[in-house]
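Visitor: Pasting start_26.pdb below, which is PDB, C-alpha atoms.
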```pdb
ATOM      1  CA  MET A 251     -38.921 -73.745-118.139
ATOM      2  CA  ARG A 252     -37.630 -70.269-118.859
ATOM      3  CA  SER A 253     -40.007 -68.674-116.292
ATOM      4  CA  LEU A 254     -38.849 -71.211-113.688
ATOM      5  CA  LEU A 255     -35.241 -70.198-114.337
ATOM      6  CA  VAL A 256     -36.116 -66.483-114.036
ATOM      7  CA  ALA A 257     -38.008 -67.104-110.771
ATOM      8  CA  ALA A 258     -35.097 -69.132-109.341
ATOM      9  CA  SER A 259     -32.639 -66.370-110.330
ATOM     10  CA  MET A 260     -34.775 -63.735-108.604
ATOM     11  CA  LEU A 261     -35.005 -65.875-105.470
ATOM     12  CA  LEU A 262     -31.225 -66.316-105.386
ATOM     13  CA  ALA A 263     -30.706 -62.582-105.922
ATOM     14  CA  MET A 264     -32.963 -61.818-102.959
ATOM     15  CA  LEU A 265     -31.224 -64.333-100.724
ATOM     16  CA  PHE A 266     -27.640 -63.499-101.678
ATOM     17  CA  GLY A 267     -27.278 -59.747-102.029
ATOM     18  CA  GLY A 268     -30.643 -58.467-103.038
ATOM     19  CA  SER A 269     -31.884 -55.083-101.869
ATOM     20  CA  THR A 270     -32.347 -54.833 -98.111
ATOM     21  CA  ALA A 271     -35.472 -52.791 -98.627
ATOM     22  CA  PHE A 272     -36.873 -55.390-100.997
ATOM     23  CA  ALA A 273     -35.986 -58.271 -98.698
ATOM     24  CA  SER A 274     -37.433 -56.567 -95.605
ATOM     25  CA  GLY A 275     -40.603 -55.502 -97.344
ATOM     26  CA  THR A 276     -40.101 -51.772 -96.640
ATOM     27  CA  ASN A 277     -38.868 -48.823 -98.630
ATOM     28  CA  GLU A 278     -36.710 -47.517 -95.769
ATOM     29  CA  ARG A 279     -32.967 -47.951 -95.742
ATOM     30  CA  ILE A 280     -31.614 -49.868 -92.789
ATOM     31  CA  ASN A 281     -28.584 -48.426 -90.900
ATOM     32  CA  SER A 282     -28.807 -45.085 -92.672
ATOM     33  CA  GLY A 283     -27.009 -42.064 -91.267
ATOM     34  CA  PRO A 284     -24.036 -41.743 -88.946
ATOM     35  CA  LYS A 285     -23.706 -44.054 -85.975
ATOM     36  CA  LYS A 286     -24.582 -42.501 -82.642
ATOM     37  CA  LYS A 287     -22.197 -42.774 -79.713
ATOM     38  CA  VAL A 288     -23.720 -45.082 -77.147
ATOM     39  CA  ALA A 289     -22.915 -44.512 -73.491
ATOM     40  CA  THR A 290     -20.918 -47.468 -72.240
ATOM     41  CA  ALA A 291     -20.128 -46.308 -68.745
ATOM     42  CA  HIS A 292     -22.962 -45.866 -66.305
ATOM     43  CA  PRO A 293     -23.016 -45.141 -62.593
ATOM     44  CA  LYS A 294     -19.539 -46.162 -61.552
ATOM     45  CA  THR A 295     -17.708 -46.965 -58.320
ATOM     46  CA  VAL A 296     -13.910 -46.835 -58.188
ATOM     47  CA  ARG A 297     -11.782 -47.875 -55.212
ATOM     48  CA  ILE A 298      -8.587 -45.855 -54.849
ATOM     49  CA  ALA A 299      -5.754 -46.984 -52.592
ATOM     50  CA  VAL A 300      -3.667 -44.255 -50.986
ATOM     51  CA  GLY A 301      -0.176 -45.464 -50.130
ATOM     52  CA  LYS A 302       3.442 -44.373 -49.945
ATOM     53  CA  ASN A 303       3.591 -44.236 -53.778
ATOM     54  CA  GLY A 304       0.457 -42.157 -54.249
ATOM     55  CA  PHE A 305      -2.994 -42.952 -55.573
ATOM     56  CA  SER A 306      -3.759 -46.264 -57.248
ATOM     57  CA  PRO A 307      -5.317 -45.851 -59.749
ATOM     58  CA  SER A 308      -4.190 -42.258 -60.201
ATOM     59  CA  SER A 309      -6.268 -41.626 -63.334
ATOM     60  CA  ILE A 310      -9.901 -42.586 -63.948
ATOM     61  CA  ASN A 311     -11.858 -42.271 -67.214
ATOM     62  CA  VAL A 312     -15.601 -41.628 -66.948
ATOM     63  CA  GLU A 313     -18.438 -40.338 -69.072
ATOM     64  CA  GLU A 314     -20.075 -37.021 -68.386
ATOM     65  CA  SER A 315     -23.469 -36.920 -66.623
ATOM     66  CA  PHE A 316     -23.110 -40.321 -64.923
ATOM     67  CA  PRO A 317     -22.766 -40.564 -61.122
ATOM     68  CA  LEU A 318     -19.299 -41.492 -59.881
ATOM     69  CA  THR A 319     -18.517 -42.856 -56.431
ATOM     70  CA  LEU A 320     -14.882 -42.803 -55.367
ATOM     71  CA  ILE A 321     -13.859 -44.819 -52.309
ATOM     72  CA  PHE A 322     -10.459 -43.804 -50.956
ATOM     73  CA  ASN A 323      -8.619 -46.124 -48.579
ATOM     74  CA  ARG A 324      -5.415 -44.912 -46.931
ATOM     75  CA  LYS A 325      -3.216 -47.944 -46.273
ATOM     76  CA  ASN A 326      -0.714 -46.504 -43.782
ATOM     77  CA  LYS A 327       0.693 -43.289 -42.303
ATOM     78  CA  GLN A 328       3.717 -43.177 -44.602
ATOM     79  CA  GLY A 329       3.954 -40.186 -46.908
ATOM     80  CA  CYS A 330       1.287 -37.653 -47.622
ATOM     81  CA  GLY A 331      -2.304 -38.736 -47.864
ATOM     82  CA  ASN A 332      -4.098 -37.519 -44.754
ATOM     83  CA  LYS A 333      -6.519 -35.441 -46.875
ATOM     84  CA  ILE A 334      -8.046 -35.659 -50.329
ATOM     85  CA  VAL A 335      -8.765 -32.348 -52.067
ATOM     86  CA  PHE A 336     -10.698 -31.666 -55.281
ATOM     87  CA  PRO A 337      -9.809 -27.972 -55.824
ATOM     88  CA  SER A 338     -12.214 -27.313 -58.724
ATOM     89  CA  LEU A 339     -15.124 -28.932 -56.851
ATOM     90  CA  LYS A 340     -14.261 -27.352 -53.481
ATOM     91  CA  ILE A 341     -14.321 -30.796 -51.824
ATOM     92  CA  THR A 342     -11.931 -31.745 -48.997
ATOM     93  CA  ARG A 343     -12.096 -34.948 -46.947
ATOM     94  CA  ASN A 344      -9.846 -36.322 -44.202
ATOM     95  CA  LEU A 345      -8.387 -39.767 -44.928
ATOM     96  CA  PRO A 346      -7.933 -41.723 -41.693
ATOM     97  CA  VAL A 347      -5.736 -44.820 -41.957
ATOM     98  CA  GLY A 348      -7.675 -48.011 -42.724
ATOM     99  CA  LYS A 349     -11.116 -46.375 -43.049
ATOM    100  CA  PRO A 350     -12.826 -45.987 -46.421
ATOM    101  CA  VAL A 351     -13.838 -42.442 -47.345
ATOM    102  CA  THR A 352     -16.485 -41.961 -50.030
ATOM    103  CA  VAL A 353     -16.708 -39.010 -52.412
ATOM    104  CA  LYS A 354     -19.697 -38.869 -54.783
ATOM    105  CA  ILE A 355     -19.805 -36.602 -57.821
ATOM    106  CA  THR A 356     -21.598 -36.375 -61.154
ATOM    107  CA  PRO A 357     -19.263 -34.780 -63.717
ATOM    108  CA  ASP A 358     -21.332 -32.380 -65.818
ATOM    109  CA  ARG A 359     -18.891 -31.490 -68.611
ATOM    110  CA  PRO A 360     -15.906 -32.973 -70.464
ATOM    111  CA  GLY A 361     -12.467 -32.194 -69.130
ATOM    112  CA  THR A 362     -10.165 -33.159 -66.286
ATOM    113  CA  ILE A 363     -10.968 -32.999 -62.579
ATOM    114  CA  ALA A 364      -7.792 -33.013 -60.485
ATOM    115  CA  PHE A 365      -7.512 -34.419 -56.973
ATOM    116  CA  THR A 366      -4.548 -34.205 -54.632
ATOM    117  CA  CYS A 367      -3.290 -34.551 -51.094
ATOM    118  CA  ARG A 368      -0.669 -31.866 -51.857
ATOM    119  CA  MET A 369       2.144 -34.309 -52.631
ATOM    120  CA  TYR A 370       0.281 -36.981 -54.648
ATOM    121  CA  LYS A 371      -1.836 -36.116 -57.665
ATOM    122  CA  GLY A 372      -4.661 -37.866 -59.453
ATOM    123  CA  SER A 373      -7.231 -37.053 -62.119
ATOM    124  CA  ILE A 374     -10.668 -37.911 -63.402
ATOM    125  CA  VAL A 375     -10.888 -37.630 -67.186
ATOM    126  CA  VAL A 376     -14.462 -36.863 -68.221
ATOM    127  CA  GLU A 377     -15.395 -37.671 -71.824
TER     128      GLU A 377
END
```
Kindly present the structure from the file in structure tokens form.
Guide:
Amino acid sequence: MRSLLVAASMLLAMLFGGSTAFASGTNERINSGPKKKVATAHPKTVRIAVGKNGFSPSSINVEESFPLTLIFNRKNKQGCGNKIVFPSLKITRNLPVGKPVTVKITPDRPGTIAFTCRMYKGSIVVE
């Protein structure tokens, strides 16, 4: 009877809080070490409206080393917005009214990439 009680106690200990290594049948610890950051953003496409109030959205968060496609669409002739300029990337594109304009980049380091049409300003925040 005593051995049955000891065996039952061991079984309960394994089921409710026993050693993970013992329960899994290995001597390795599970989930050891710091957690690694997992990339959550992958190739990304963002549509940006260009209107009398500027860019919408005016700020975009992305992860470094993943392709980014920006599609600018100028809604009307009001205000600035006839060109999009990325000074640090040496990219300039005309923005005709009502026609989508695509800019593709792959940010290669953390930081901020500014874009402007002179009057309106926007940014890509690379993490």
Visitor: On this structure, the PyMOL selection byres ((chain A and resi 306) around 12) would catch which residues? List them as a PyMOL selection string, sorted by chain and number.
Guide: chain A and resi 296-305+307-310+320-325+370-373
Visitor: Would you work out the distance separating CA of Asn326 in chain A from CA of Ser338 in chain A, expressed in Å to one decimal?
Guide: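 Those two atoms sit 26.9 Å apart.
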Visitor: Between CA of Asp358 in chain A and CA of Gly331 in chain A, what distance in Å does the model show, to one decimal?
Guide: 26.9 Å
Visitor: Give me, please, the distance in Å between CA of Thr352 in chain A and CA of Gly329 in chain A, quoted to one decimal.
Guide: 20.8 Å
Visitor: Taking (-13.2, -29.2, -57.8) in the file's coordinates as the center, which residues reach within 10 Å of it, counting only C-alpha atoms, put as a list of chain:residue names?
Guide: A:Val335, A:Phe336, A:Pro337, A:Ser338, A:Leu339, A:Lys340, A:Ile341, A:Thr342, A:Ile355, A:Thr362, A:Ile363, A:Ala364, A:Phe365
Visitor: Name the closest residue to Thr356 in chain A among the candidates A:Arg343, A:Lys294, A:Ile334, A:Gln328; distances are taken between atoms, counting all atoms listed in the file.
Guide: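 For Thr356 in chain A, the nearest of the given residues is A:Lys294.
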Visitor: Give me the residues near Arg359 in chain A as a PyMOL selection string, where near means some atom within 9 Å (using only C-alpha atoms) and where sequence neighbours in that chain fewer than 4 positions away do not count.
Guide: chain A and resi 313-315+376-377
Visitor: Find the residue from A:Asn311, A:Pro360, A:Asn344, A:Thr295 that sits nearest to Ile374 in chain A; use all atoms listed in the file when measuring.
Guide: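 Of the candidates, the smallest distance to Ile374 in chain A is held by A:Asn311.
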